[in-house]
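Everything below concerns the one structure shown next.
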Amino acid sequence: MLTAEKILGADDIKREKVMVPEWADSDSPQDIADAFVYVQGVSGKARDVWEHSSVSMRMKGRKADVQTNYANTRAKLLVQAICDANGKLLFNESQVEQLGEKSAAPLDRCFEVAQRLSGISEADIEALTKNSEATASAA
């Protein structure tokens with residue numbers, strides 16, 4: 001059986017190299033070959049922050065109006081996932097808007113890897129939306 005020490009000491013956040021030729025300095029073959037980032041899965045805490053940022057709730061009298069907020073959802077996850085070879089994040093929360101302005105193609109490519117490595121499925125996103133709706137009616 002695993003112990004708390006073994007679980008807490010496990011290196012369980014995986015990362016992958018993702019090619020992003022759109023972000024190369026030039027069209028030279030060498031620059032294109034060097035145009036990559038590492039994308040890692042996010043921690044449980046980081047995933048909770050990302051999920052929380054995808055939902056907004058406003059009180060209307062005694063009822064809660066819960067809405068899904070997908071604005072910059074890719075960039076919000078990617079600032080917590082794009083890293084160097086050692087896992088050090090390249091972006092911070094203040095750069096979400098700037099990262100969100102980049103081309104959708106490389107963002108999608110990196111997002112899909114971050115989503116997979118973080119165990120975030122389309123069903124999870126749908127469940128988040130449904131749970132938000134359930135919370136609103138329960139309030």
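Residue numbers start at 1 in each chain; chains themselves are named A, B, ... in the order of the structure tokens; ligands are numbered from 1 in the order shown.
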
(request) Find the residues near Phe91 (chain A): any atom within 8 Å, counting only C-alpha atoms, skip ones fewer than 2 places away on the same chain, and give them as a list of chain:residue names. (result)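 Using only C-alpha atoms, the neighbours found are A:Val79, A:Gln80, A:Ile82, A:Cys83, A:Leu89, A:Glu93, A:Gln95.
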
Restricted to C-alpha atoms, what would the selected residues look like written as a compact mmCIF listing (two decimals), in the first residue's frame?
```txt
# COMPACT_ATOMS: atom_id res chain seq x y z
CA VAL A 79 -0.33 29.85 -18.32
CA GLN A 80 -0.37 26.98 -15.83
CA ILE A 82 3.47 25.85 -20.75
CA CYS A 83 6.87 25.40 -19.18
CA LEU A 89 6.23 27.96 -16.02
CA GLU A 93 -1.52 35.03 -14.58
CA GLN A 95 -0.17 37.40 -19.17
```

(request) Could you give me, as a PyMOL selection string, each residue of chain A that DSSP assigns to helix (DSSP H, G or I) when run on this structure's backbone? (result) chain A and resi 4-9+21-23+29-33+44-53+73-78+93-100+104-117+122-138

(message) Using only C-alpha atoms, which protein or nucleic acid residues come within 7 Å of Ser54 (chain A)? Drop anything in the same chain fewer than 6 positions from it, and give the result as a ChimeraX atom specification.
(response) /A:68-70,73

(message) If I take CA of Ala105 (chain A) and CA of Gly87 (chain A), how far is one from the other in Å, to one decimal?
(response) 22.9 Å

(request) Give the strand (DSSP E) residues of region 63-123 of chain A, as assigned by DSSP on the backbone, as a ChimeraX atom specification. (result) /A:63-68,82-83

Write the residues you've just listed into a file as a PDB file, in the first residue's frame, and include C-alpha atoms for each of them.
```pdb
ATOM      1  CA  LYS A  63     -31.492  33.042  -6.672  1.00  0.00           C
ATOM      2  CA  ALA A  64     -28.058  32.426  -8.090  1.00  0.00           C
ATOM      3  CA  ASP A  65     -27.501  32.980 -11.787  1.00  0.00           C
ATOM      4  CA  VAL A  66     -24.590  30.736 -12.777  1.00  0.00           C
ATOM      5  CA  GLN A  67     -23.009  31.178 -16.186  1.00  0.00           C
ATOM      6  CA  THR A  68     -20.168  29.412 -17.899  1.00  0.00           C
ATOM      7  CA  ILE A  82       3.468  25.852 -20.755  1.00  0.00           C
ATOM      8  CA  CYS A  83       6.869  25.397 -19.178  1.00  0.00           C
TER       9      CYS A  83
END
```

(message) For a test of reading the model, state the distance in Å between CA of Asn86 (chain A) and CA of Ala46 (chain A), rounded to one decimal.
(response)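 CA of Ala46 (chain A) lies at a distance of 17.7 Å from CA of Asn86 (chain A).
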
(request) Could you jot down the CA of Pro21 (chain A) to CA of Gly119 (chain A) separation for me, Å, one decimal place? (result) 25.9 Å

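Each of A:Trp50, A:Ala85, A:Leu77, A:Ser28 was compared to Lys14 (chain A) using only C-alpha atoms, and A:Ala85 turns out to be the nearest.
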